[in-house]
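Data block for entry28.pdb (PDB, C-alpha atoms and all ligand atoms):
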ATOM      1  CA  MET A 180    -127.261  69.789-179.311
ATOM      2  CA  GLY A 181    -127.269  69.949-183.087
ATOM      3  CA  ASP A 182    -128.131  66.330-184.011
ATOM      4  CA  SER A 183    -130.108  67.060-187.187
ATOM      5  CA  ASN A 184    -127.911  70.027-188.064
ATOM      6  CA  SER A 185    -125.415  67.791-189.822
ATOM      7  CA  LYS A 186    -127.597  67.658-192.937
ATOM      8  CA  ILE A 187    -127.696  71.431-193.299
ATOM      9  CA  PRO A 188    -124.764  72.803-195.300
ATOM     10  CA  PRO A 189    -122.802  75.537-193.530
ATOM     11  CA  SER A 190    -123.864  79.081-194.260
ATOM     12  CA  SER A 191    -121.363  80.538-196.683
ATOM     13  CA  VAL A 192    -121.255  83.721-198.714
ATOM     14  CA  PHE A 193    -119.363  81.721-201.374
ATOM     15  CA  ASN A 194    -122.280  79.435-202.141
ATOM     16  CA  PRO A 195    -125.224  81.718-202.989
ATOM     17  CA  VAL A 196    -128.636  80.370-204.025
ATOM     18  CA  SER A 197    -130.586  83.627-204.264
ATOM     19  CA  THR A 198    -130.162  86.628-206.581
ATOM     20  CA  PRO A 199    -129.041  89.247-204.011
ATOM     21  CA  ALA A 200    -126.410  86.892-202.562
ATOM     22  CA  ARG A 201    -125.253  85.878-206.041
ATOM     23  CA  GLU A 202    -124.909  89.506-207.180
ATOM     24  CA  ILE A 203    -122.858  90.363-204.108
ATOM     25  CA  ASP A 204    -120.687  87.263-204.622
ATOM     26  CA  THR A 205    -120.060  88.239-208.264
ATOM     27  CA  VAL A 206    -119.146  91.851-207.545
ATOM     28  CA  ALA A 207    -116.921  90.786-204.639
ATOM     29  CA  PHE A 208    -114.956  88.372-206.853
ATOM     30  CA  PHE A 209    -114.704  90.980-209.594
ATOM     31  CA  VAL A 210    -113.307  93.617-207.191
ATOM     32  CA  ILE A 211    -110.944  91.100-205.590
ATOM     33  CA  SER A 212    -109.665  90.005-209.041
ATOM     34  CA  ILE A 213    -108.924  93.568-210.145
ATOM     35  CA  THR A 214    -107.315  94.581-206.861
ATOM     36  CA  ALA A 215    -105.340  91.312-206.737
ATOM     37  CA  ALA A 216    -104.014  92.001-210.250
ATOM     38  CA  ILE A 217    -103.009  95.544-209.203
ATOM     39  CA  PHE A 218    -101.354  94.161-206.084
ATOM     40  CA  LEU A 219     -99.378  91.577-208.052
ATOM     41  CA  ILE A 220     -98.201  94.155-210.613
ATOM     42  CA  VAL A 221     -97.164  96.734-207.977
ATOM     43  CA  ALA A 222     -95.620  94.211-205.593
ATOM     44  CA  GLY A 223     -93.865  92.473-208.506
ATOM     45  CA  LEU A 224     -92.351  95.700-209.836
ATOM     46  CA  LEU A 225     -91.321  96.660-206.311
ATOM     47  CA  ALA A 226     -89.646  93.300-205.687
ATOM     48  CA  TYR A 227     -87.932  93.472-209.085
ATOM     49  CA  SER A 228     -86.621  97.007-208.433
ATOM     50  CA  ILE A 229     -85.414  96.167-204.940
ATOM     51  CA  PHE A 230     -83.476  93.210-206.305
ATOM     52  CA  ARG A 231     -82.293  94.670-209.628
ATOM     53  CA  PHE A 232     -81.207  98.062-208.266
ATOM     54  CA  ARG A 233     -79.905  97.029-204.868
ATOM     55  CA  ALA A 234     -76.703  98.618-203.577
ATOM     56  CA  ARG A 235     -73.607  96.834-204.866
ATOM     57  CA  PRO A 236     -69.977  97.201-203.801
ATOM     58  CA  GLY A 237     -68.240  99.742-205.987
ATOM     59  CA  ASP A 238     -71.377 101.772-206.840
ATOM     60  CA  ASP A 239     -70.563 105.385-207.448
ATOM     61  CA  SER A 240     -72.587 107.690-205.192
ATOM     62  CA  ARG A 241     -74.215 109.646-208.024
ATOM     63  CA  GLU A 242     -77.994 110.070-207.965
ATOM     64  CA  PRO A 243     -79.848 108.323-210.774
ATOM     65  CA  PRO A 244     -81.471 110.595-213.392
ATOM     66  CA  GLN A 245     -84.419 112.490-211.871
ATOM     67  CA  VAL A 246     -87.476 112.699-214.106
ATOM     68  CA  TYR A 247     -89.831 115.673-213.587
ATOM     69  CA  GLY A 248     -92.902 116.651-215.549
ATOM     70  CA  SER A 249     -92.953 113.785-217.995
ATOM     71  CA  ASN A 250     -96.323 114.110-219.686
ATOM     72  CA  PRO A 251     -96.650 110.454-220.762
ATOM     73  CA  ILE A 252     -95.888 109.153-217.234
ATOM     74  CA  GLU A 253     -98.191 111.680-215.523
ATOM     75  CA  PHE A 254    -100.909 110.852-218.024
ATOM     76  CA  ALA A 255    -100.543 107.102-217.489
ATOM     77  CA  TRP A 256    -100.655 107.143-213.707
ATOM     78  CA  THR A 257    -103.620 109.485-213.686
ATOM     79  CA  THR A 258    -105.812 107.846-216.290
ATOM     80  CA  VAL A 259    -105.242 104.183-215.439
ATOM     81  CA  PRO A 260    -106.392 104.523-211.778
ATOM     82  CA  VAL A 261    -109.311 106.739-212.866
ATOM     83  CA  ILE A 262    -110.441 104.067-215.317
ATOM     84  CA  VAL A 263    -110.037 101.310-212.712
ATOM     85  CA  VAL A 264    -112.039 103.263-210.118
ATOM     86  CA  LEU A 265    -114.704 104.140-212.681
ATOM     87  CA  VAL A 266    -115.148 100.477-213.625
ATOM     88  CA  LEU A 267    -115.446  99.550-209.924
ATOM     89  CA  ILE A 268    -118.001 102.335-209.309
ATOM     90  CA  LEU A 269    -120.153 101.330-212.285
ATOM     91  CA  THR A 270    -120.102  97.616-211.411
ATOM     92  CA  THR A 271    -120.946  98.337-207.783
ATOM     93  CA  ALA A 272    -123.732 100.736-208.780
ATOM     94  CA  ARG A 273    -125.225  98.089-211.050
ATOM     95  CA  THR A 274    -125.135  95.566-208.178
ATOM     96  CA  ILE A 275    -126.727  98.018-205.734
ATOM     97  CA  TYR A 276    -129.451  98.683-208.275
ATOM     98  CA  THR A 277    -130.180  94.948-208.634
ATOM     99  CA  VAL A 278    -130.048  94.175-204.898
ATOM    100  CA  GLN A 279    -132.137  97.156-203.828
ATOM    101  CA  VAL A 280    -135.759  96.342-203.139
ATOM    102  CA  PRO A 281    -137.628  96.583-206.456
ATOM    103  CA  THR A 282    -141.289  97.522-206.786
ATOM    104  CA  ARG A 283    -143.037  94.492-205.410
ATOM    105  CA  PRO A 284    -145.692  92.763-207.463
ATOM    106  CA  ALA A 285    -149.186  92.916-205.924
ATOM    107  CA  ASP A 286    -149.245  89.160-205.290
ATOM    108  CA  ALA A 287    -145.728  88.964-203.803
ATOM    109  CA  LEU A 288    -145.281  87.375-200.402
ATOM    110  CA  SER A 289    -144.333  89.962-197.761
ATOM    111  CA  VAL A 290    -143.209  88.920-194.294
ATOM    112  CA  GLY A 291    -142.727  91.233-191.346
ATOM    113  CA  VAL A 292    -139.520  90.404-189.463
ATOM    114  CA  ILE A 293    -139.323  91.715-185.918
ATOM    115  CA  ALA A 294    -136.011  91.315-184.115
ATOM    116  CA  HIS A 295    -136.087  90.845-180.350
ATOM    117  CA  GLN A 296    -133.399  90.201-177.754
ATOM    118  CA  TRP A 297    -132.638  87.380-178.756
ATOM    119  CA  TRP A 298    -134.983  85.850-181.269
ATOM    120  CA  TRP A 299    -136.788  86.549-184.526
ATOM    121  CA  GLU A 300    -140.528  87.023-184.952
ATOM    122  CA  PHE A 301    -142.010  86.411-188.403
ATOM    123  CA  ARG A 302    -145.429  87.880-189.144
ATOM    124  CA  TYR A 303    -147.118  86.860-192.410
ATOM    125  CA  ARG A 304    -149.629  89.677-192.158
ATOM    126  CA  ASP A 305    -151.541  88.822-195.347
ATOM    127  CA  LEU A 306    -151.894  85.194-194.255
ATOM    128  CA  GLY A 307    -152.579  85.706-190.546
ATOM    129  CA  ILE A 308    -149.591  83.596-189.500
ATOM    130  CA  VAL A 309    -147.126  84.379-186.716
ATOM    131  CA  THR A 310    -144.092  82.224-186.073
ATOM    132  CA  ALA A 311    -140.572  82.514-184.734
ATOM    133  CA  ASN A 312    -136.974  81.846-185.718
ATOM    134  CA  GLU A 313    -137.813  79.660-188.711
ATOM    135  CA  LEU A 314    -138.942  81.480-191.821
ATOM    136  CA  HIS A 315    -140.761  79.448-194.456
ATOM    137  CA  VAL A 316    -140.670  80.810-197.997
ATOM    138  CA  PRO A 317    -141.616  79.342-201.381
ATOM    139  CA  LEU A 318    -138.974  78.185-203.827
ATOM    140  CA  SER A 319    -138.474  80.684-206.629
ATOM    141  CA  ASP A 320    -138.229  79.493-210.217
ATOM    142  CA  PRO A 321    -135.684  81.654-212.113
ATOM    143  CA  GLY A 322    -137.969  81.536-215.186
ATOM    144  CA  ASN A 323    -140.954  82.751-213.190
ATOM    145  CA  PRO A 324    -139.544  84.316-210.001
ATOM    146  CA  THR A 325    -141.611  84.444-206.832
ATOM    147  CA  PRO A 326    -139.478  86.587-204.535
ATOM    148  CA  THR A 327    -140.254  87.048-200.859
ATOM    149  CA  PHE A 328    -140.021  90.560-199.430
ATOM    150  CA  LEU A 329    -138.976  91.088-195.832
ATOM    151  CA  ASP A 330    -139.878  94.200-193.848
ATOM    152  CA  LEU A 331    -137.578  94.375-190.872
ATOM    153  CA  GLU A 332    -138.261  96.151-187.585
ATOM    154  CA  SER A 333    -136.782  95.905-184.107
ATOM    155  CA  ALA A 334    -138.613  95.663-180.799
ATOM    156  CA  ASP A 335    -135.594  96.805-178.773
ATOM    157  CA  VAL A 336    -132.013  97.413-179.941
ATOM    158  CA  ALA A 337    -130.223  97.311-183.297
ATOM    159  CA  HIS A 338    -129.865  93.833-184.835
ATOM    160  CA  SER A 339    -128.940  92.662-188.309
ATOM    161  CA  PHE A 340    -130.701  90.006-190.380
ATOM    162  CA  TRP A 341    -128.213  87.768-192.164
ATOM    163  CA  VAL A 342    -128.668  84.549-194.085
ATOM    164  CA  PRO A 343    -125.388  84.439-196.031
ATOM    165  CA  ARG A 344    -126.522  82.117-198.839
ATOM    166  CA  LEU A 345    -129.647  84.193-199.562
ATOM    167  CA  ALA A 346    -128.718  87.873-199.252
ATOM    168  CA  GLY A 347    -126.410  90.389-197.633
ATOM    169  CA  LYS A 348    -126.964  91.724-194.142
ATOM    170  CA  THR A 349    -129.760  94.194-193.514
ATOM    171  CA  ASP A 350    -129.742  96.233-190.328
ATOM    172  CA  VAL A 351    -132.814  95.960-188.128
ATOM    173  CA  ILE A 352    -133.181  99.294-186.367
ATOM    174  CA  PRO A 353    -135.703 100.469-183.753
ATOM    175  CA  ASN A 354    -138.298 102.935-185.081
ATOM    176  CA  ARG A 355    -137.419 102.250-188.667
ATOM    177  CA  LYS A 356    -138.554  99.782-191.315
ATOM    178  CA  ASN A 357    -135.869  98.368-193.610
ATOM    179  CA  SER A 358    -136.723  96.077-196.476
ATOM    180  CA  MET A 359    -134.936  93.365-198.395
ATOM    181  CA  TRP A 360    -135.861  90.499-200.702
ATOM    182  CA  ILE A 361    -134.803  86.954-201.453
ATOM    183  CA  ASP A 362    -135.616  84.551-204.287
ATOM    184  CA  PRO A 363    -134.084  81.220-203.215
ATOM    185  CA  GLN A 364    -133.696  78.899-206.197
ATOM    186  CA  VAL A 365    -132.705  75.708-204.381
ATOM    187  CA  ALA A 366    -135.003  74.062-201.844
ATOM    188  CA  GLY A 367    -133.473  73.426-198.436
ATOM    189  CA  THR A 368    -132.785  74.876-195.026
ATOM    190  CA  TYR A 369    -130.489  77.890-194.797
ATOM    191  CA  LEU A 370    -128.859  78.965-191.576
ATOM    192  CA  GLY A 371    -128.591  82.584-190.576
ATOM    193  CA  GLN A 372    -127.735  84.657-187.564
ATOM    194  CA  CYS A 373    -127.977  88.119-186.138
ATOM    195  CA  GLY A 374    -125.136  90.106-187.671
ATOM    196  CA  GLU A 375    -124.869  92.988-185.237
ATOM    197  CA  TYR A 376    -123.920  92.853-181.583
ATOM    198  CA  CYS A 377    -127.155  93.227-179.629
ATOM    199  CA  GLY A 378    -126.338  92.046-176.103
ATOM    200  CA  THR A 379    -125.467  88.925-174.135
ATOM    201  CA  GLU A 380    -127.031  86.368-176.449
ATOM    202  CA  HIS A 381    -126.191  88.027-179.777
ATOM    203  CA  ALA A 382    -124.168  84.960-180.819
ATOM    204  CA  MET A 383    -127.150  82.713-180.090
ATOM    205  CA  MET A 384    -129.683  84.727-182.061
ATOM    206  CA  LEU A 385    -129.857  82.209-184.873
ATOM    207  CA  LEU A 386    -132.453  81.647-187.544
ATOM    208  CA  ARG A 387    -133.376  79.255-190.307
ATOM    209  CA  VAL A 388    -134.968  79.871-193.652
ATOM    210  CA  ILE A 389    -136.849  76.866-194.957
ATOM    211  CA  VAL A 390    -137.276  77.025-198.713
ATOM    212  CA  GLU A 391    -139.877  74.628-200.062
ATOM    213  CA  PRO A 392    -141.617  73.992-203.378
ATOM    214  CA  ARG A 393    -144.847  75.976-203.662
ATOM    215  CA  ALA A 394    -147.121  72.996-202.856
ATOM    216  CA  ASP A 395    -145.231  72.233-199.626
ATOM    217  CA  PHE A 396    -145.211  75.900-198.688
ATOM    218  CA  ASP A 397    -148.979  76.119-199.256
ATOM    219  CA  ARG A 398    -149.476  73.055-197.073
ATOM    220  CA  TRP A 399    -147.389  74.691-194.340
ATOM    221  CA  VAL A 400    -149.496  77.879-194.628
ATOM    222  CA  THR A 401    -152.744  75.926-194.353
ATOM    223  CA  ALA A 402    -151.506  74.073-191.269
ATOM    224  CA  GLN A 403    -150.216  77.241-189.593
ATOM    225  CA  LYS A 404    -153.563  78.994-190.094
ATOM    226  CA  GLN A 405    -155.375  76.275-188.143
ATOM    227  CA  PRO A 406    -155.800  76.619-184.405
ATOM    228  CA  PRO A 407    -153.589  74.167-182.525
ATOM    229  CA  ALA A 408    -154.884  70.651-181.943
ATOM    230  CA  ARG A 409    -156.896  70.494-178.722
ATOM    231  CA  ASP A 410    -155.912  67.337-176.934
ATOM    232  CA  ALA A 411    -158.071  66.538-173.881
ATOM    233  CA  SER A 412    -155.363  64.302-172.397
ATOM    234  CA  VAL A 413    -153.106  67.343-171.812
ATOM    235  CA  GLY A 414    -155.826  69.565-170.314
ATOM    236  CA  HIS A 415    -153.914  70.001-167.067
ATOM    237  CA  GLY A 416    -150.783  71.082-168.939
ATOM    238  CA  ARG A 417    -152.835  73.705-170.754
ATOM    239  CA  GLN A 418    -154.203  74.923-167.408
ATOM    240  CA  VAL A 419    -150.635  75.280-166.130
ATOM    241  CA  PHE A 420    -149.802  77.362-169.188
ATOM    242  CA  GLU A 421    -152.900  79.515-168.780
ATOM    243  CA  SER A 422    -152.511  80.041-165.048
ATOM    244  CA  THR A 423    -148.837  81.041-164.898
ATOM    245  CA  ALA A 424    -146.774  83.935-166.187
ATOM    246  CA  CYS A 425    -146.409  82.096-169.548
ATOM    247  CA  VAL A 426    -149.457  83.947-170.892
ATOM    248  CA  ASN A 427    -147.922  87.362-170.308
ATOM    249  CA  CYS A 428    -145.281  86.720-172.958
ATOM    250  CA  HIS A 429    -146.540  83.923-175.196
ATOM    251  CA  THR A 430    -149.482  83.542-177.507
ATOM    252  CA  ILE A 431    -151.146  80.219-178.103
ATOM    253  CA  ARG A 432    -154.225  80.781-180.210
ATOM    254  CA  GLY A 433    -157.385  79.454-178.618
ATOM    255  CA  THR A 434    -156.050  79.880-175.077
ATOM    256  CA  ALA A 435    -155.766  82.693-172.552
ATOM    257  CA  GLY A 436    -152.190  83.280-173.741
ATOM    258  CA  GLY A 437    -151.903  86.428-175.827
ATOM    259  CA  GLY A 438    -148.515  87.851-174.871
ATOM    260  CA  ARG A 439    -146.197  89.175-177.541
ATOM    261  CA  PHE A 440    -142.925  89.577-175.659
ATOM    262  CA  GLY A 441    -141.880  86.010-176.432
ATOM    263  CA  PRO A 442    -142.391  83.742-179.439
ATOM    264  CA  ASP A 443    -145.885  82.655-180.543
ATOM    265  CA  LEU A 444    -146.181  79.014-179.497
ATOM    266  CA  THR A 445    -149.366  78.125-181.392
ATOM    267  CA  HIS A 446    -147.525  75.657-183.635
ATOM    268  CA  LEU A 447    -144.393  75.255-181.532
ATOM    269  CA  MET A 448    -143.765  71.652-182.496
ATOM    270  CA  THR A 449    -143.648  72.437-186.219
ATOM    271  CA  ARG A 450    -140.341  74.180-185.529
ATOM    272  CA  GLN A 451    -137.019  72.347-185.643
ATOM    273  CA  THR A 452    -135.335  74.296-182.870
ATOM    274  CA  ILE A 453    -136.075  76.227-179.676
ATOM    275  CA  GLY A 454    -134.468  79.289-178.141
ATOM    276  CA  ALA A 455    -133.685  80.824-181.573
ATOM    277  CA  GLY A 456    -131.723  77.853-182.825
ATOM    278  CA  VAL A 457    -129.775  77.018-179.646
ATOM    279  CA  ALA A 458    -131.262  73.527-179.211
ATOM    280  CA  MET A 459    -133.217  71.016-181.245
ATOM    281  CA  ASN A 460    -136.909  71.061-180.414
ATOM    282  CA  THR A 461    -137.370  67.876-178.388
ATOM    283  CA  PRO A 462    -139.516  67.347-175.269
ATOM    284  CA  ASP A 463    -136.295  66.833-173.232
ATOM    285  CA  HIS A 464    -134.859  70.157-174.334
ATOM    286  CA  LEU A 465    -138.240  71.846-173.796
ATOM    287  CA  ARG A 466    -138.250  70.531-170.243
ATOM    288  CA  VAL A 467    -134.809  72.007-169.563
ATOM    289  CA  TRP A 468    -135.814  75.230-171.281
ATOM    290  CA  VAL A 469    -138.972  75.703-169.204
ATOM    291  CA  THR A 470    -137.124  74.766-166.015
ATOM    292  CA  ASP A 471    -134.554  77.475-166.629
ATOM    293  CA  PRO A 472    -133.727  78.890-170.088
ATOM    294  CA  ASN A 473    -130.390  80.100-168.710
ATOM    295  CA  LEU A 474    -129.192  76.488-168.547
ATOM    296  CA  ILE A 475    -129.241  76.444-172.351
ATOM    297  CA  LYS A 476    -128.967  80.129-173.191
ATOM    298  CA  PRO A 477    -127.361  82.229-170.440
ATOM    299  CA  GLY A 478    -128.874  85.693-170.393
ATOM    300  CA  ALA A 479    -132.156  84.658-172.028
ATOM    301  CA  LEU A 480    -134.910  87.047-170.946
ATOM    302  CA  MET A 481    -137.390  84.286-170.156
ATOM    303  CA  PRO A 482    -137.438  83.593-166.414
ATOM    304  CA  ALA A 483    -137.040  80.160-164.829
ATOM    305  CA  MET A 484    -140.586  78.953-164.288
ATOM    306  CA  ASN A 485    -140.084  77.199-160.916
ATOM    307  CA  LEU A 486    -142.813  74.630-161.500
ATOM    308  CA  GLY A 487    -143.258  71.440-159.515
ATOM    309  CA  ASP A 488    -142.309  68.210-161.282
ATOM    310  CA  LYS A 489    -145.893  67.241-162.055
ATOM    311  CA  ASP A 490    -146.818  70.652-163.447
ATOM    312  CA  LEU A 491    -143.594  70.755-165.459
ATOM    313  CA  ASP A 492    -144.190  67.312-166.979
ATOM    314  CA  ASP A 493    -147.794  68.155-167.825
ATOM    315  CA  LEU A 494    -146.856  71.520-169.297
ATOM    316  CA  VAL A 495    -144.185  69.946-171.498
ATOM    317  CA  ALA A 496    -146.631  67.218-172.537
ATOM    318  CA  TYR A 497    -149.089  69.958-173.498
ATOM    319  CA  LEU A 498    -146.472  71.948-175.434
ATOM    320  CA  ALA A 499    -145.514  68.758-177.296
ATOM    321  CA  THR A 500    -149.042  68.599-178.740
ATOM    322  CA  LEU A 501    -148.834  72.025-180.356
ATOM    323  CA  ARG A 502    -148.494  70.951-183.972
TER     324      ARG A 502
HETATM  325 CU1  LIG A 601    -129.599  90.467-182.433
HETATM  326 CU2  LIG A 601    -127.203  90.475-182.482
END
What does this structure look like when you write it as structure tokens?
Amino acid sequence: MGDSNSKIPPSSVFNPVSTPAREIDTVAFFVISITAAIFLIVAGLLAYSIFRFRARPGDDSREPPQVYGSNPIEFAWTTVPVIVVLVLILTTARTIYTVQVPTRPADALSVGVIAHQWWWEFRYRDLGIVTANELHVPLSDPGNPTPTFLDLESADVAHSFWVPRLAGKTDVIPNRKNSMWIDPQVAGTYLGQCGEYCGTEHAMMLLRVIVEPRADFDRWVTAQKQPPARDASVGHGRQVFESTACVNCHTIRGTAGGGRFGPDLTHLMTRQTIGAGVAMNTPDHLRVWVTDPNLIKPGALMPAMNLGDKDLDDLVAYLATLR
């Protein structure tokens, strides 16, 4: 169901566009280079010795000279590994220091990330915006960085927030707040996923980070702050929403729906996907989803709504107006 996904480059740790991801990429290559060099030297010497000193016909059975307590050899094989390990420790420590959450500037954007089975809630507390599965952040100019800070909490079990091109994984643990930051320097959409097994739909707990130039981001913020458009032609669909179990789990601002167990639907149609990235957000997919989410996402905690055809059509028509 990923029609428009083809334009989004695959998520890869080898193609970082944000400082934490880049730092991790650099240190990983550095460590791999050093350890690869050690491997080649050791394996090369081993292969050479096996070949050069292999048993030959007519060898006498004397032992070769045994060397004990040679100070130069002992010194060499103690100091060289110590130096190698020390270099690795210092480089890693420097990376940890850079990646760790720095003191955030007073005007920095902070977003609360709440992991649920199996979707992501994003709460822009300073802006009064709540959305799901698609995180919008401003583009950061390396000359004048505008990082976004994420405060991660879980509503149920342990999850892990991972957008490979932006930063390393950060665990999302119940009763604990972990923080991380990103400063994406290339506009675009970045795919991510839950990085820790969290139940049936762990593999389908996807997310997107949409990085846009400041002006576009500000426009998005302004639009998200508005109440949803109120379209009289879908009044019956709204009644269906307000008079069924929908309202227990979903919020749509300006309606009777104030539930928080499921995603906030106030601006549902501004999102590219539904079901935490499992399907593109089209009225057809919405119809299937409302009929029975398990048809698209087996194990999803939203129940099948068992609506009649007319109610279902009207409800979907109403949802399709939530821009
Ligand atoms: Cu959430 Cu795996």
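Using only C-alpha atoms and all ligand atoms for every distance, the candidate list A:Thr500, A:Ser333, A:Gln451, A:Thr214 yields A:Ser333 as the residue closest to ligand LIG 601 (chain A).
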- [ ] Rank A:Leu447, A:Ile453, A:Val426, A:Leu318 by their smallest atom-to-atom distance to Asp395 of chain A, using only C-alpha atoms, and report the top residue only.
- [x]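 That would be A:Leu318, the residue with the smallest distance to Asp395 of chain A.
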Open item on the list: Applying 8 Å and only C-alpha atoms, which residues near Pro199 of chain A remain after dropping the ones on its own chain fewer than 4 positions away? List them as a PyMOL selection string.
Closed with: chain A and resi 203+277-278+345-347+360-361
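Ranking A:Pro284, A:Gly416, A:Gly291, A:Pro363 by their shortest atom-to-atom distance to Val309 of chain A, with all atoms listed in the file included, puts A:Gly291 first.
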Can I get the residues of chain A within 10 Å of ligand LIG 601 (chain A), each with the closest pair of atoms and their distance in Å to one decimal, using only C-alpha atoms and all ligand atoms, sorted chain first then ascending number, as JSON lines?
{"residue": "A:Ala294", "atom": "CA", "partner": "A:LIG601", "partner_atom": "CU1", "distance": 6.7}
{"residue": "A:His295", "atom": "CA", "partner": "A:LIG601", "partner_atom": "CU1", "distance": 6.8}
{"residue": "A:Gln296", "atom": "CA", "partner": "A:LIG601", "partner_atom": "CU1", "distance": 6.0}
{"residue": "A:Trp297", "atom": "CA", "partner": "A:LIG601", "partner_atom": "CU1", "distance": 5.7}
{"residue": "A:Trp298", "atom": "CA", "partner": "A:LIG601", "partner_atom": "CU1", "distance": 7.2}
{"residue": "A:Trp299", "atom": "CA", "partner": "A:LIG601", "partner_atom": "CU1", "distance": 8.5}
{"residue": "A:Ser333", "atom": "CA", "partner": "A:LIG601", "partner_atom": "CU1", "distance": 9.2}
{"residue": "A:Asp335", "atom": "CA", "partner": "A:LIG601", "partner_atom": "CU1", "distance": 9.5}
{"residue": "A:Val336", "atom": "CA", "partner": "A:LIG601", "partner_atom": "CU1", "distance": 7.8}
{"residue": "A:Ala337", "atom": "CA", "partner": "A:LIG601", "partner_atom": "CU1", "distance": 6.9}
{"residue": "A:His338", "atom": "CA", "partner": "A:LIG601", "partner_atom": "CU1", "distance": 4.1}
{"residue": "A:Ser339", "atom": "CA", "partner": "A:LIG601", "partner_atom": "CU1", "distance": 6.3}
{"residue": "A:Phe340", "atom": "CA", "partner": "A:LIG601", "partner_atom": "CU1", "distance": 8.0}
{"residue": "A:Asp350", "atom": "CA", "partner": "A:LIG601", "partner_atom": "CU1", "distance": 9.8}
{"residue": "A:Val351", "atom": "CA", "partner": "A:LIG601", "partner_atom": "CU1", "distance": 8.5}
{"residue": "A:Gln372", "atom": "CA", "partner": "A:LIG601", "partner_atom": "CU2", "distance": 7.7}
{"residue": "A:Cys373", "atom": "CA", "partner": "A:LIG601", "partner_atom": "CU2", "distance": 4.4}
{"residue": "A:Gly374", "atom": "CA", "partner": "A:LIG601", "partner_atom": "CU2", "distance": 5.6}
{"residue": "A:Glu375", "atom": "CA", "partner": "A:LIG601", "partner_atom": "CU2", "distance": 4.4}
{"residue": "A:Tyr376", "atom": "CA", "partner": "A:LIG601", "partner_atom": "CU2", "distance": 4.2}
{"residue": "A:Cys377", "atom": "CA", "partner": "A:LIG601", "partner_atom": "CU2", "distance": 4.0}
{"residue": "A:Gly378", "atom": "CA", "partner": "A:LIG601", "partner_atom": "CU2", "distance": 6.6}
{"residue": "A:Thr379", "atom": "CA", "partner": "A:LIG601", "partner_atom": "CU2", "distance": 8.7}
{"residue": "A:Glu380", "atom": "CA", "partner": "A:LIG601", "partner_atom": "CU2", "distance": 7.3}
{"residue": "A:His381", "atom": "CA", "partner": "A:LIG601", "partner_atom": "CU2", "distance": 3.8}
{"residue": "A:Ala382", "atom": "CA", "partner": "A:LIG601", "partner_atom": "CU2", "distance": 6.5}
{"residue": "A:Met383", "atom": "CA", "partner": "A:LIG601", "partner_atom": "CU2", "distance": 8.1}
{"residue": "A:Met384", "atom": "CA", "partner": "A:LIG601", "partner_atom": "CU1", "distance": 5.8}
{"residue": "A:Leu385", "atom": "CA", "partner": "A:LIG601", "partner_atom": "CU1", "distance": 8.6}
Give me, as a PDB file with C-alpha atoms, in the coordinates of the input, all polymer residues having an atom no more than 10 Å from segment 253-266 of chain A, counting only C-alpha atoms and skipping those fewer than 4 positions away in the same chain.
ATOM      1  CA  VAL A 210    -113.307  93.617-207.191  1.00  0.00           C
ATOM      2  CA  ILE A 213    -108.924  93.568-210.145  1.00  0.00           C
ATOM      3  CA  THR A 214    -107.315  94.581-206.861  1.00  0.00           C
ATOM      4  CA  ILE A 217    -103.009  95.544-209.203  1.00  0.00           C
ATOM      5  CA  TYR A 247     -89.831 115.673-213.587  1.00  0.00           C
ATOM      6  CA  GLY A 248     -92.902 116.651-215.549  1.00  0.00           C
ATOM      7  CA  SER A 249     -92.953 113.785-217.995  1.00  0.00           C
ATOM      8  CA  THR A 270    -120.102  97.616-211.411  1.00  0.00           C
ATOM      9  CA  THR A 271    -120.946  98.337-207.783  1.00  0.00           C
ATOM     10  CA  ALA A 272    -123.732 100.736-208.780  1.00  0.00           C
TER      11      ALA A 272
END
Need the neighbours of (-145.7, 72.2, -191.4): which residues are at most 10 Å away, counting all atoms listed in the file, as an mmCIF file with C-alpha atoms, in the frame of the given file?
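Writing done, so here's selection_28.cif:
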data_model
loop_
_atom_site.group_PDB
_atom_site.id
_atom_site.type_symbol
_atom_site.label_atom_id
_atom_site.label_comp_id
_atom_site.auth_asym_id
_atom_site.auth_seq_id
_atom_site.Cartn_x
_atom_site.Cartn_y
_atom_site.Cartn_z
ATOM 1 C CA HIS A 315 -140.761 79.448 -194.456
ATOM 2 C CA ASP A 395 -145.231 72.233 -199.626
ATOM 3 C CA PHE A 396 -145.211 75.900 -198.688
ATOM 4 C CA ASP A 397 -148.979 76.119 -199.256
ATOM 5 C CA ARG A 398 -149.476 73.055 -197.073
ATOM 6 C CA TRP A 399 -147.389 74.691 -194.340
ATOM 7 C CA VAL A 400 -149.496 77.879 -194.628
ATOM 8 C CA THR A 401 -152.744 75.926 -194.353
ATOM 9 C CA ALA A 402 -151.506 74.073 -191.269
ATOM 10 C CA GLN A 403 -150.216 77.241 -189.593
ATOM 11 C CA HIS A 446 -147.525 75.657 -183.635
ATOM 12 C CA MET A 448 -143.765 71.652 -182.496
ATOM 13 C CA THR A 449 -143.648 72.437 -186.219
ATOM 14 C CA ARG A 450 -140.341 74.180 -185.529
ATOM 15 C CA ARG A 502 -148.494 70.951 -183.972
#
Task: Atomic distance atom CA of Pro442 of chain A - atom CA of Asp463 of chain A, expressed in Å with one decimal - done: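 Computed distance, atom CA of Pro442 of chain A to atom CA of Asp463 of chain A, equals 19.0 Å.
A straight line drawn from atom CA of Ile293 of chain A to atom CA of Asn473 of chain A is 22.6 Å long.
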- [ ] For Leu386 of chain A, work out the shell of residues within 6 Å, counting all atoms listed in the file and skipping chain neighbours fewer than 3 positions away, then give it as a list in words.
- [x]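 Contacts, with the query itself left out: Asn312, Glu313, Gly371 and Gln372 of chain A.
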Could you write out that same residue set with C-alpha atoms as a PDB file, in the coordinates of the input?
ATOM      1  CA  ASN A 312    -136.974  81.846-185.718  1.00  0.00           C
ATOM      2  CA  GLU A 313    -137.813  79.660-188.711  1.00  0.00           C
ATOM      3  CA  GLY A 371    -128.591  82.584-190.576  1.00  0.00           C
ATOM      4  CA  GLN A 372    -127.735  84.657-187.564  1.00  0.00           C
TER       5      GLN A 372
END
